[in-house]
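A.B. asks: Just one file: data.csv, with CSV, C-alpha atoms and all ligand atoms.
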```csv
chain,number,residue,atom,x,y,z
A,160,MET,CA,-14.1,-42.2,-52.0
A,161,THR,CA,-14.8,-45.4,-50.1
A,162,ALA,CA,-18.3,-46.5,-49.3
A,163,GLY,CA,-18.7,-47.8,-45.8
A,164,LYS,CA,-21.1,-50.4,-44.7
A,165,ALA,CA,-22.6,-48.8,-41.7
A,166,GLY,CA,-23.8,-45.2,-42.5
A,167,ARG,CA,-27.1,-44.2,-41.0
A,168,ALA,CA,-30.1,-43.6,-43.2
A,169,SER,CA,-29.7,-40.3,-45.1
A,170,SER,CA,-32.3,-37.6,-45.2
A,171,SER,CA,-33.8,-35.4,-47.9
A,172,SER,CA,-32.9,-31.7,-47.6
A,173,THR,CA,-32.2,-28.8,-45.3
A,174,GLY,CA,-34.9,-27.1,-43.4
A,175,PRO,CA,-35.9,-26.5,-39.8
A,176,ASP,CA,-36.4,-30.3,-39.1
A,177,ALA,CA,-33.9,-31.7,-41.6
A,178,VAL,CA,-31.3,-34.2,-40.7
A,179,LEU,CA,-27.9,-32.5,-41.1
A,180,ARG,CA,-25.2,-34.6,-42.8
A,181,TRP,CA,-21.9,-34.2,-41.0
A,182,GLY,CA,-18.4,-34.5,-42.4
A,183,VAL,CA,-15.4,-34.9,-40.1
A,184,VAL,CA,-11.9,-33.8,-41.1
A,185,ALA,CA,-9.0,-35.7,-39.5
A,186,THR,CA,-9.1,-38.9,-37.4
A,187,GLY,CA,-6.9,-37.9,-34.3
A,188,ARG,CA,-7.6,-37.9,-30.6
A,189,ILE,CA,-10.3,-35.2,-30.4
A,190,ALA,CA,-12.0,-36.3,-33.6
A,191,HIS,CA,-12.8,-39.7,-32.0
A,192,ARG,CA,-14.1,-38.1,-28.8
A,193,VAL,CA,-16.3,-35.5,-30.5
A,194,THR,CA,-17.6,-38.0,-33.0
A,195,ARG,CA,-18.8,-40.2,-30.1
A,196,ASP,CA,-21.0,-37.3,-29.0
A,197,LEU,CA,-22.0,-36.5,-32.5
A,198,ALA,CA,-23.5,-40.0,-32.7
A,199,CYS,CA,-25.8,-39.0,-29.8
A,200,LEU,CA,-26.9,-35.7,-31.5
A,201,GLU,CA,-30.5,-35.5,-32.6
A,202,ASP,CA,-31.2,-35.4,-36.4
A,203,ALA,CA,-27.5,-35.8,-37.3
A,204,GLU,CA,-26.1,-38.2,-39.9
A,205,LEU,CA,-22.5,-39.3,-39.6
A,206,TYR,CA,-22.0,-39.1,-43.3
A,207,ALA,CA,-18.4,-38.7,-44.3
A,208,VAL,CA,-14.9,-38.6,-42.8
A,209,SER,CA,-11.6,-37.6,-44.4
A,210,SER,CA,-8.0,-38.4,-43.4
A,211,ARG,CA,-4.6,-38.1,-45.0
A,212,SER,CA,-4.4,-41.9,-45.0
A,213,LYS,CA,-6.8,-44.5,-46.5
A,214,GLY,CA,-6.4,-46.8,-43.6
A,215,SER,CA,-7.3,-44.2,-41.0
A,216,ALA,CA,-10.2,-42.9,-43.0
A,217,GLN,CA,-11.7,-46.4,-43.4
A,218,ALA,CA,-11.0,-47.5,-39.8
A,219,PHE,CA,-12.7,-44.3,-38.5
A,220,ALA,CA,-15.7,-44.7,-40.8
A,221,GLU,CA,-16.0,-48.3,-39.7
A,222,GLU,CA,-15.7,-47.6,-36.0
A,223,HIS,CA,-18.2,-44.7,-35.9
A,224,GLY,CA,-20.6,-45.7,-38.7
A,225,PHE,CA,-19.8,-43.1,-41.4
A,226,ALA,CA,-21.3,-43.9,-44.9
A,227,VAL,CA,-18.2,-42.7,-46.8
A,228,SER,CA,-14.6,-42.0,-46.3
A,229,TYR,CA,-12.1,-39.9,-48.2
A,230,HIS,CA,-8.3,-39.8,-48.1
A,231,ASP,CA,-5.3,-38.1,-49.7
A,232,ASP,CA,-4.2,-39.4,-53.1
A,233,PRO,CA,-0.5,-40.4,-52.4
A,234,SER,CA,0.4,-40.0,-56.0
A,235,GLY,CA,-0.5,-36.3,-55.8
A,236,SER,CA,-1.8,-36.4,-59.3
A,237,GLY,CA,-5.4,-37.7,-58.9
A,238,SER,CA,-8.3,-36.5,-56.9
A,239,GLY,CA,-6.3,-34.4,-54.4
A,240,SER,CA,-6.5,-34.2,-50.6
A,241,GLY,CA,-9.1,-36.1,-48.7
A,242,PHE,CA,-10.7,-33.0,-47.1
A,243,ARG,CA,-11.1,-31.3,-50.5
A,244,GLN,CA,-12.9,-34.4,-51.8
A,245,LEU,CA,-15.1,-34.3,-48.7
A,246,PHE,CA,-15.9,-30.7,-49.3
A,247,ALA,CA,-16.8,-31.4,-53.0
A,248,ASP,CA,-19.4,-33.9,-51.9
A,249,PRO,CA,-22.7,-32.2,-52.3
A,250,ARG,CA,-24.3,-34.4,-49.6
A,251,VAL,CA,-22.2,-32.9,-46.8
A,252,ASP,CA,-24.0,-30.1,-45.0
A,253,VAL,CA,-21.6,-29.2,-42.2
A,254,VAL,CA,-18.0,-30.1,-41.4
A,255,TYR,CA,-16.2,-30.5,-38.1
A,256,VAL,CA,-12.5,-29.7,-38.4
A,257,ALA,CA,-10.2,-31.6,-36.0
A,258,THR,CA,-6.7,-31.1,-37.5
A,259,PRO,CA,-3.8,-29.5,-35.6
A,260,HIS,CA,-4.1,-25.7,-35.2
A,261,ALA,CA,-1.7,-24.9,-38.0
A,262,GLN,CA,-4.0,-26.5,-40.6
A,263,HIS,CA,-7.3,-24.9,-39.4
A,264,PHE,CA,-6.9,-21.9,-41.7
A,265,LYS,CA,-6.3,-23.9,-44.8
A,266,VAL,CA,-8.9,-26.5,-44.2
A,267,VAL,CA,-11.7,-24.1,-43.0
A,268,ARG,CA,-11.1,-21.8,-45.9
A,269,ALA,CA,-11.4,-24.7,-48.4
A,270,ALA,CA,-14.6,-25.8,-46.6
A,271,LEU,CA,-16.2,-22.3,-46.8
A,272,GLU,CA,-15.1,-21.9,-50.4
A,273,ALA,CA,-16.9,-25.1,-51.2
A,274,GLY,CA,-20.1,-23.8,-49.5
A,275,LYS,CA,-20.0,-25.9,-46.3
A,276,HIS,CA,-21.0,-24.7,-42.8
A,277,VAL,CA,-18.1,-25.2,-40.3
A,278,LEU,CA,-17.4,-26.0,-36.7
A,279,CYS,CA,-13.6,-25.8,-36.1
A,280,GLU,CA,-11.6,-26.9,-33.1
A,281,LYS,CA,-9.9,-24.5,-30.8
A,282,PRO,CA,-7.7,-22.5,-31.1
A,283,PHE,CA,-9.6,-21.3,-34.1
A,284,THR,CA,-6.4,-20.4,-36.0
A,285,VAL,CA,-2.8,-19.7,-35.2
A,286,ASN,CA,-3.2,-15.9,-35.3
A,287,ALA,CA,-5.8,-13.2,-35.5
A,288,ALA,CA,-5.2,-12.4,-39.2
A,289,GLU,CA,-6.2,-15.9,-40.2
A,290,ALA,CA,-9.3,-15.7,-37.9
A,291,ARG,CA,-10.4,-12.4,-39.5
A,292,GLU,CA,-10.0,-13.8,-43.0
A,293,LEU,CA,-12.1,-16.8,-42.2
A,294,VAL,CA,-14.8,-14.8,-40.6
A,295,ASP,CA,-14.9,-12.4,-43.6
A,296,LEU,CA,-15.2,-15.4,-45.9
A,297,ALA,CA,-18.1,-17.0,-43.9
A,298,ARG,CA,-19.9,-13.6,-43.8
A,299,SER,CA,-19.6,-13.1,-47.5
A,300,ARG,CA,-20.7,-16.6,-48.3
A,301,GLY,CA,-23.6,-16.6,-45.9
A,302,LEU,CA,-22.3,-19.7,-44.1
A,303,PHE,CA,-22.3,-20.7,-40.4
A,304,LEU,CA,-18.8,-20.7,-38.8
A,305,MET,CA,-17.9,-21.3,-35.1
A,306,GLU,CA,-14.9,-22.1,-33.0
A,307,ALA,CA,-15.4,-25.3,-31.0
A,308,VAL,CA,-14.7,-23.9,-27.5
A,309,TRP,CA,-17.0,-26.5,-25.9
A,310,THR,CA,-16.7,-24.9,-22.4
A,311,ARG,CA,-18.9,-22.0,-23.5
A,312,PHE,CA,-21.9,-24.2,-24.2
A,313,LEU,CA,-21.8,-26.4,-21.0
A,314,PRO,CA,-24.7,-26.1,-18.6
A,315,ALA,CA,-22.2,-25.3,-15.7
A,316,THR,CA,-20.7,-22.4,-17.7
A,317,ARG,CA,-24.0,-21.0,-18.7
A,318,ARG,CA,-25.2,-21.3,-15.0
A,319,ALA,CA,-22.0,-19.5,-13.8
A,320,LEU,CA,-22.6,-16.6,-16.2
A,321,GLU,CA,-26.2,-16.4,-15.2
A,322,LEU,CA,-25.2,-16.1,-11.6
A,323,ILE,CA,-22.5,-13.5,-12.3
A,324,ARG,CA,-24.8,-11.4,-14.6
A,325,GLY,CA,-27.5,-11.7,-12.0
A,326,GLY,CA,-25.3,-10.1,-9.4
A,327,ALA,CA,-24.9,-13.2,-7.2
A,328,ILE,CA,-21.3,-12.2,-6.4
A,329,GLY,CA,-21.5,-8.5,-6.9
A,330,THR,CA,-19.1,-6.7,-9.3
A,331,VAL,CA,-16.4,-9.0,-10.6
A,332,ARG,CA,-12.9,-7.7,-9.5
A,333,TRP,CA,-10.6,-10.6,-10.3
A,334,VAL,CA,-10.4,-14.0,-12.0
A,335,GLN,CA,-7.8,-16.6,-11.4
A,336,ALA,CA,-7.6,-19.7,-13.7
A,337,ASP,CA,-5.1,-22.4,-14.6
A,338,LEU,CA,-4.7,-25.4,-16.7
A,339,GLY,CA,-1.7,-27.6,-16.8
A,340,PHE,CA,-0.3,-31.1,-16.9
A,341,PRO,CA,3.2,-32.5,-17.2
A,342,ALA,CA,3.4,-33.6,-20.9
A,343,ALA,CA,6.2,-35.9,-21.9
A,344,TYR,CA,8.3,-34.2,-24.5
A,345,ASP,CA,7.7,-35.8,-28.0
A,346,PRO,CA,8.9,-33.7,-31.0
A,347,ASN,CA,6.5,-35.7,-33.2
A,348,ASP,CA,3.4,-34.7,-31.2
A,349,ARG,CA,1.6,-31.6,-32.3
A,350,LEU,CA,1.8,-30.3,-28.7
A,351,TRP,CA,5.6,-29.9,-29.1
A,352,ASP,CA,5.9,-29.2,-32.8
A,353,PRO,CA,6.3,-25.5,-33.8
A,354,ALA,CA,5.0,-26.3,-37.3
A,355,ALA,CA,1.8,-27.5,-35.8
A,356,GLY,CA,1.4,-24.5,-33.5
A,357,GLY,CA,2.7,-26.4,-30.5
A,358,GLY,CA,3.1,-25.1,-26.9
A,359,ALA,CA,0.9,-24.4,-23.9
A,360,LEU,CA,-0.4,-21.1,-25.0
A,361,LEU,CA,-2.4,-22.1,-28.1
A,362,ASP,CA,-3.4,-25.5,-26.7
A,363,LEU,CA,-4.4,-24.6,-23.1
A,364,ALA,CA,-4.6,-20.9,-22.5
A,365,VAL,CA,-7.8,-20.7,-24.5
A,366,TYR,CA,-9.7,-22.2,-21.5
A,367,PRO,CA,-8.4,-19.8,-18.7
A,368,LEU,CA,-9.0,-17.0,-21.2
A,369,THR,CA,-12.6,-18.2,-21.8
A,370,TRP,CA,-13.4,-17.8,-18.1
A,371,ALA,CA,-11.6,-14.5,-17.8
A,372,THR,CA,-13.3,-12.9,-20.8
A,373,ALA,CA,-16.7,-14.4,-19.9
A,374,ALA,CA,-16.6,-12.8,-16.4
A,375,LEU,CA,-14.7,-9.6,-17.1
A,376,GLY,CA,-14.9,-9.0,-20.9
A,377,PHE,CA,-11.9,-8.0,-23.0
A,378,PRO,CA,-9.0,-6.3,-21.2
A,379,THR,CA,-7.4,-2.9,-21.7
A,380,ALA,CA,-3.9,-4.5,-21.3
A,381,LEU,CA,-2.1,-7.8,-21.3
A,382,ALA,CA,1.2,-8.9,-19.9
A,383,ALA,CA,2.7,-12.3,-20.6
A,384,ASN,CA,5.6,-14.3,-19.2
A,385,GLY,CA,6.8,-17.7,-20.0
A,386,HIS,CA,9.5,-20.1,-21.0
A,387,LEU,CA,10.3,-21.4,-24.4
A,388,ASN,CA,12.0,-24.8,-25.0
A,389,GLN,CA,14.9,-25.6,-27.4
A,390,ASP,CA,12.4,-25.8,-30.3
A,391,GLY,CA,10.9,-22.4,-29.6
A,392,VAL,CA,7.5,-23.5,-28.2
A,393,ASP,CA,6.3,-22.3,-24.8
A,394,VAL,CA,6.2,-25.0,-22.0
A,395,GLN,CA,4.6,-22.7,-19.5
A,396,ASN,CA,3.1,-19.2,-19.5
A,397,THR,CA,1.4,-16.7,-17.2
A,398,ILE,CA,-0.9,-14.0,-18.5
A,399,THR,CA,-2.1,-11.0,-16.5
A,400,LEU,CA,-5.1,-9.1,-17.9
A,401,GLU,CA,-5.9,-5.6,-16.8
A,402,TYR,CA,-9.3,-4.0,-16.7
A,403,PRO,CA,-10.7,-0.6,-15.8
A,404,GLU,CA,-10.5,0.4,-12.2
A,405,GLY,CA,-7.9,-2.2,-11.3
A,406,ALA,CA,-9.9,-5.3,-12.1
A,407,ALA,CA,-7.6,-8.1,-13.2
A,408,ALA,CA,-7.2,-11.7,-14.3
A,409,GLN,CA,-4.2,-14.0,-13.6
A,410,LEU,CA,-4.0,-17.0,-15.9
A,411,THR,CA,-1.5,-19.9,-16.1
A,412,SER,CA,-1.1,-22.7,-18.6
A,413,SER,CA,1.6,-25.3,-18.4
A,414,LEU,CA,2.9,-28.4,-20.2
A,415,GLN,CA,5.3,-28.9,-17.2
A,416,ALA,CA,3.2,-28.9,-14.1
A,417,ALA,CA,-0.1,-30.1,-12.8
A,418,GLY,CA,-2.4,-27.5,-11.2
A,419,PRO,CA,-5.9,-27.5,-9.7
A,420,GLY,CA,-7.3,-26.7,-13.2
A,421,THR,CA,-10.0,-24.5,-11.8
A,422,ALA,CA,-11.3,-20.9,-12.4
A,423,THR,CA,-12.2,-18.7,-9.5
A,424,ILE,CA,-14.3,-15.6,-10.2
A,425,SER,CA,-14.2,-13.1,-7.3
A,426,GLY,CA,-16.6,-10.2,-6.8
A,427,THR,CA,-17.5,-7.6,-4.3
A,428,ALA,CA,-20.2,-9.9,-2.8
A,429,GLY,CA,-18.7,-13.4,-3.1
A,430,TRP,CA,-16.9,-15.8,-5.4
A,431,ILE,CA,-17.6,-18.8,-7.7
A,432,ARG,CA,-15.1,-21.6,-8.2
A,433,THR,CA,-15.5,-24.1,-10.9
A,434,GLY,CA,-14.8,-27.8,-10.4
A,435,SER,CA,-11.8,-29.3,-12.2
A,436,PRO,CA,-11.1,-29.3,-15.1
A,437,LEU,CA,-12.2,-25.8,-15.8
A,438,TYR,CA,-12.9,-26.8,-19.5
A,439,ASN,CA,-15.6,-29.2,-18.4
A,440,PRO,CA,-16.6,-28.5,-14.8
A,441,LYS,CA,-19.2,-30.7,-13.1
A,442,THR,CA,-19.6,-28.5,-10.1
A,443,LEU,CA,-19.8,-24.8,-9.2
A,444,GLU,CA,-18.9,-23.7,-5.6
A,445,ILE,CA,-20.7,-20.4,-4.7
A,446,CYS,CA,-19.7,-18.5,-1.6
A,447,THR,CA,-21.5,-15.3,-0.6
A,448,LEU,CA,-20.7,-12.7,2.0
A,449,ASP,CA,-23.4,-13.8,4.3
A,450,GLY,CA,-21.2,-16.9,4.9
A,451,THR,CA,-23.2,-19.2,2.8
A,452,THR,CA,-21.3,-21.7,0.6
A,453,ARG,CA,-23.2,-24.1,-1.7
A,454,VAL,CA,-22.3,-26.4,-4.4
A,455,GLU,CA,-24.3,-26.9,-7.6
A,456,GLU,CA,-23.8,-30.1,-9.5
A,457,PHE,CA,-24.2,-30.8,-13.2
A,458,GLU,CA,-24.8,-34.2,-14.7
A,459,GLU,CA,-23.7,-35.0,-18.3
A,460,GLU,CA,-25.1,-37.8,-20.4
A,461,THR,CA,-22.2,-37.5,-22.8
A,462,GLU,CA,-18.6,-36.3,-22.6
A,463,GLY,CA,-19.9,-32.7,-23.0
A,464,PHE,CA,-19.2,-32.0,-26.6
A,465,ILE,CA,-22.9,-32.5,-27.5
A,466,HIS,CA,-23.7,-28.9,-26.4
A,467,GLU,CA,-21.5,-27.3,-29.0
A,468,LEU,CA,-22.8,-29.7,-31.6
A,469,ARG,CA,-26.4,-29.0,-30.7
A,470,GLU,CA,-25.7,-25.3,-30.9
A,471,THR,CA,-24.1,-25.7,-34.3
A,472,ALA,CA,-27.2,-27.6,-35.6
A,473,ARG,CA,-29.6,-25.1,-34.0
A,474,CYS,CA,-27.9,-22.1,-35.6
A,475,ILE,CA,-27.7,-23.7,-39.1
A,476,ARG,CA,-31.4,-24.6,-38.9
A,477,ALA,CA,-32.3,-21.1,-37.8
A,478,GLY,CA,-30.3,-19.6,-40.6
A,479,LEU,CA,-27.7,-18.0,-38.2
A,480,GLN,CA,-24.2,-17.5,-39.4
A,481,GLU,CA,-22.7,-17.2,-35.9
A,482,SER,CA,-23.7,-18.3,-32.5
A,483,PRO,CA,-24.6,-15.8,-29.8
A,484,LEU,CA,-22.8,-18.1,-27.4
A,485,MET,CA,-19.5,-18.0,-29.4
A,486,PRO,CA,-19.7,-14.9,-31.6
A,487,TRP,CA,-17.1,-14.2,-34.2
A,488,LYS,CA,-15.9,-11.1,-32.4
A,489,ASP,CA,-15.0,-13.1,-29.3
A,490,THR,CA,-13.1,-15.7,-31.4
A,491,VAL,CA,-11.1,-12.9,-33.1
A,492,GLN,CA,-10.5,-11.0,-29.9
A,493,VAL,CA,-9.2,-14.1,-28.1
A,494,MET,CA,-6.8,-14.7,-31.1
A,495,GLN,CA,-5.7,-11.0,-30.7
A,496,LEU,CA,-4.9,-11.6,-27.0
A,497,LEU,CA,-3.0,-14.8,-28.0
A,498,ASP,CA,-1.1,-12.7,-30.6
A,499,GLN,CA,-0.2,-10.1,-28.0
A,500,ALA,CA,0.9,-12.8,-25.5
A,501,ARG,CA,3.0,-14.5,-28.3
A,502,SER,CA,4.7,-11.3,-29.3
A,503,GLN,CA,5.8,-10.7,-25.6
A,504,LEU,CA,7.0,-14.3,-25.3
A,505,GLY,CA,8.8,-14.2,-28.6
A,506,LEU,CA,6.8,-17.1,-29.8
A,507,HIS,CA,6.6,-17.3,-33.6
A,508,TYR,CA,5.0,-19.9,-36.0
A,509,PRO,CA,5.4,-20.6,-39.7
A,510,ASN,CA,1.8,-19.5,-40.2
A,511,ASP,CA,2.8,-16.0,-39.1
A,512,GLN,CA,4.6,-15.6,-42.5
A,513,ARG,CA,1.3,-14.8,-44.1
A,514,ALA,CA,0.8,-11.1,-44.7
A,515,GLY,CA,-0.7,-9.2,-41.8
A,516,ALA,CA,-0.2,-12.0,-39.3
A,517,ALA,CA,1.4,-11.7,-35.9
B,601,LIG,N1,-12.0,-29.3,-27.5
B,601,LIG,C1,-11.1,-30.0,-26.9
B,601,LIG,O1,-11.3,-30.4,-25.7
B,601,LIG,C2,-9.9,-30.4,-27.6
B,601,LIG,C3,-9.1,-31.4,-27.0
B,601,LIG,C4,-7.9,-31.8,-27.7
B,601,LIG,C5,-7.6,-31.1,-28.9
B,601,LIG,N2,-8.3,-30.1,-29.4
B,601,LIG,C6,-7.9,-29.4,-30.6
B,601,LIG,O2,-8.2,-30.3,-31.7
B,601,LIG,C7,-7.1,-30.2,-32.7
B,601,LIG,C8,-6.5,-31.6,-32.9
B,601,LIG,O3,-6.0,-32.1,-31.7
B,601,LIG,P1,-5.8,-33.6,-31.4
B,601,LIG,O4,-5.3,-33.8,-30.0
B,601,LIG,O5,-6.9,-34.5,-31.9
B,601,LIG,O6,-4.5,-33.9,-32.3
B,601,LIG,P2,-4.0,-35.2,-32.9
B,601,LIG,O7,-4.3,-36.4,-32.1
B,601,LIG,O8,-2.5,-35.0,-33.3
B,601,LIG,O9,-4.8,-35.4,-34.3
B,601,LIG,C9,-4.8,-34.5,-35.3
B,601,LIG,C10,-5.2,-35.2,-36.6
B,601,LIG,O10,-5.1,-34.2,-37.6
B,601,LIG,C11,-4.5,-34.8,-38.8
B,601,LIG,N3,-3.3,-34.2,-39.1
B,601,LIG,C12,-2.1,-34.3,-38.4
B,601,LIG,N4,-1.2,-33.5,-39.0
B,601,LIG,C13,-1.7,-32.9,-40.1
B,601,LIG,C14,-1.3,-32.1,-41.1
B,601,LIG,N5,0.0,-31.7,-41.1
B,601,LIG,N6,-2.2,-31.7,-42.0
B,601,LIG,C15,-3.4,-32.1,-42.0
B,601,LIG,N7,-3.9,-33.0,-41.1
B,601,LIG,C16,-3.1,-33.4,-40.1
B,601,LIG,C17,-4.3,-36.3,-38.5
B,601,LIG,O11,-5.4,-37.0,-38.9
B,601,LIG,P3,-5.4,-37.9,-40.2
B,601,LIG,O12,-4.1,-38.7,-40.2
B,601,LIG,O13,-6.6,-38.6,-40.2
B,601,LIG,O14,-5.3,-36.9,-41.4
B,601,LIG,C18,-4.2,-36.3,-37.0
B,601,LIG,O15,-4.6,-37.5,-36.4
B,601,LIG,C19,-6.1,-29.2,-32.1
B,601,LIG,O16,-6.4,-27.9,-32.7
B,601,LIG,C20,-6.5,-29.1,-30.6
B,601,LIG,O17,-6.2,-27.8,-30.0
B,601,LIG,C21,-9.5,-29.7,-28.7
```
Spell out the structure here as structure tokens.
Ligand SMILES: NC(=O)c1ccc[n+]([C@@H]2O[C@H](COP(=O)([O-])OP(=O)(O)OC[C@H]3O[C@@H](n4cnc5c(N)ncnc54)[C@H](OP(=O)(O)O)[C@@H]3O)[C@@H](O)[C@H]2O)c1
C.D. replies:
Amino acid sequence: MTAGKAGRASSSSTGPDAVLRWGVVATGRIAHRVTRDLACLEDAELYAVSSRSKGSAQAFAEEHGFAVSYHDDPSGSGSGSGFRQLFADPRVDVVYVATPHAQHFKVVRAALEAGKHVLCEKPFTVNAAEARELVDLARSRGLFLMEAVWTRFLPATRRALELIRGGAIGTVRWVQADLGFPAAYDPNDRLWDPAAGGGALLDLAVYPLTWATAALGFPTALAANGHLNQDGVDVQNTITLEYPEGAAAQLTSSLQAAGPGTATISGTAGWIRTGSPLYNPKTLEICTLDGTTRVEEFEEETEGFIHELRETARCIRAGLQESPLMPWKDTVQVMQLLDQARSQLGLHYPNDQRAGAA
């Protein structure tokens, strides 16, 4: 453990108004972005960070004002991995996990076993078997656990669902959503690395699926097409979801091509189109059959991660183990859809070697 110089004043205990002490696992790209929003969260103390390397842990703690930092013991014989040291710290109340997907299961399981509440990056795990095991563990330990699908908590998303559920566009019949960008091939980047759960499906399809399942629920059938590269990760995929009475969703995610990056939800009385990117839209375009089109705009004070952080804190203070906005069953069902898509694409990962996995 390394004591930093900048940590914010610490609080006493848990309770409805208590300051929650946060631990962050990993110091990569998303960890920095989410931590910047964490610094804006009410009643949160940026307490500890862990990294595989001492230098990254200390630099991250210094930059964001964490009180302590933990790192792996390179000798392998001492105090063990940085994240296990962070979980052993009794002052940590809740941890945010920002490792690549393939490590989510191992890290979240260790956090829950140590008695910590957990917010884990999307995709929650590599397969549904891992997701079910973590949910069962959280349930049995009485701990809060949530997948960090930030889109679900945004004001624009909540407004779109309010409109849809209120009948503003009639009965939803189809959803079309895409997310893609041309990503430079880099075998050392987690996006392209099979061992890290690389590929467009696990990284990007979560967002089009979020809009489809929010608007139409979970489908009766799924058909996936896609292209795998020489390393066996998918560079592009299309997913069709089928629903009763012919309702459908068409979803595309790509590491090869740029797209509009929007979601369109179409119903018997009109349609709603999100602004781009669909994972953090700032506008909703609403068109109804009377010929009216209007645009609703949504201002953000922060990058937008604060809403999932606020929901995490709210649930922990309220003694909830899961959020009604991102319930465990939705996380597991999305992982099941991703498993089905992977099986049709022939996309396999080392994590699948675990018993019962896809
Ligand atoms: N919500 C969103 O908008 C959003 C956006 C981007 C990514 N994500 C998700 O966040 C996760 C991380 O993505 P990222 O873009 O931040 O990746 P990244 O830049 O590669 O960072 C991941 C970090 O995890 C740690 N790490 C790397 N390999 C590891 C291993 N084998 N074992 C343990 N730790 C390892 C490293 O931190 P240390 O060196 O400090 O250990 C690394 O910097 C992914 O699951 C991704 O899907 C979410």
A.B. asks: Could you check the closest approach to ligand LIG 601 (chain B) for each of A:Trp181, A:Tyr344, A:Tyr438, A:Tyr508 and tell me which residue wins, using all atoms listed in the file?
C.D. replies: A:Tyr438
A.B. asks: For a quick check of understanding, using all atoms listed in the file, which of A:Leu504, A:Ala261, A:Ala203, A:Leu322 has the smallest distance to Ile431 of chain A?
C.D. replies: A:Leu322
A.B. asks: Using all atoms listed in the file, determine which residues fall within 9 Å of ligand LIG 601 (chain B), then list them as a VMD selection string.
C.D. replies: chain A and resid 184 to 193 208 to 216 219 230 to 231 241 to 242 256 to 263 266 279 to 284 307 to 310 348 to 350 354 to 356 361 to 363 438 to 439 464
A.B. asks: Using all atoms listed in the file, determine which residues lie at most 9 Å from segment 333-343 of chain A, disregarding the query and same-chain residues fewer than 4 positions distant; provide the list as a count of residues only.
C.D. replies: 37
A.B. asks: Calculated over all atoms listed in the file, which of the candidates A:Met305, A:Ala218, A:Leu313, A:Leu443 has the smallest distance to Gly463 of chain A?
C.D. replies: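 Of the candidates, the smallest distance to Gly463 of chain A is held by A:Leu313.
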A.B. asks: So how many Å separate atom CA of Pro403 of chain A and atom CA of Ala288 of chain A, to one decimal?
C.D. replies: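 If I compute the distance from atom CA of Pro403 of chain A to atom CA of Ala288 of chain A, I get 26.8 Å.
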A.B. asks: When you look at segment 450-452 of chain A with a cut-off of 10 Å (counting only C-alpha atoms), what residues show up, excluding the ones that are within fewer than 4 positions of it in the same chain? I need them as a list in words.
C.D. replies: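 That gives Gly429, Trp430, Ile431, Glu444, Ile445 and Cys446 of chain A.
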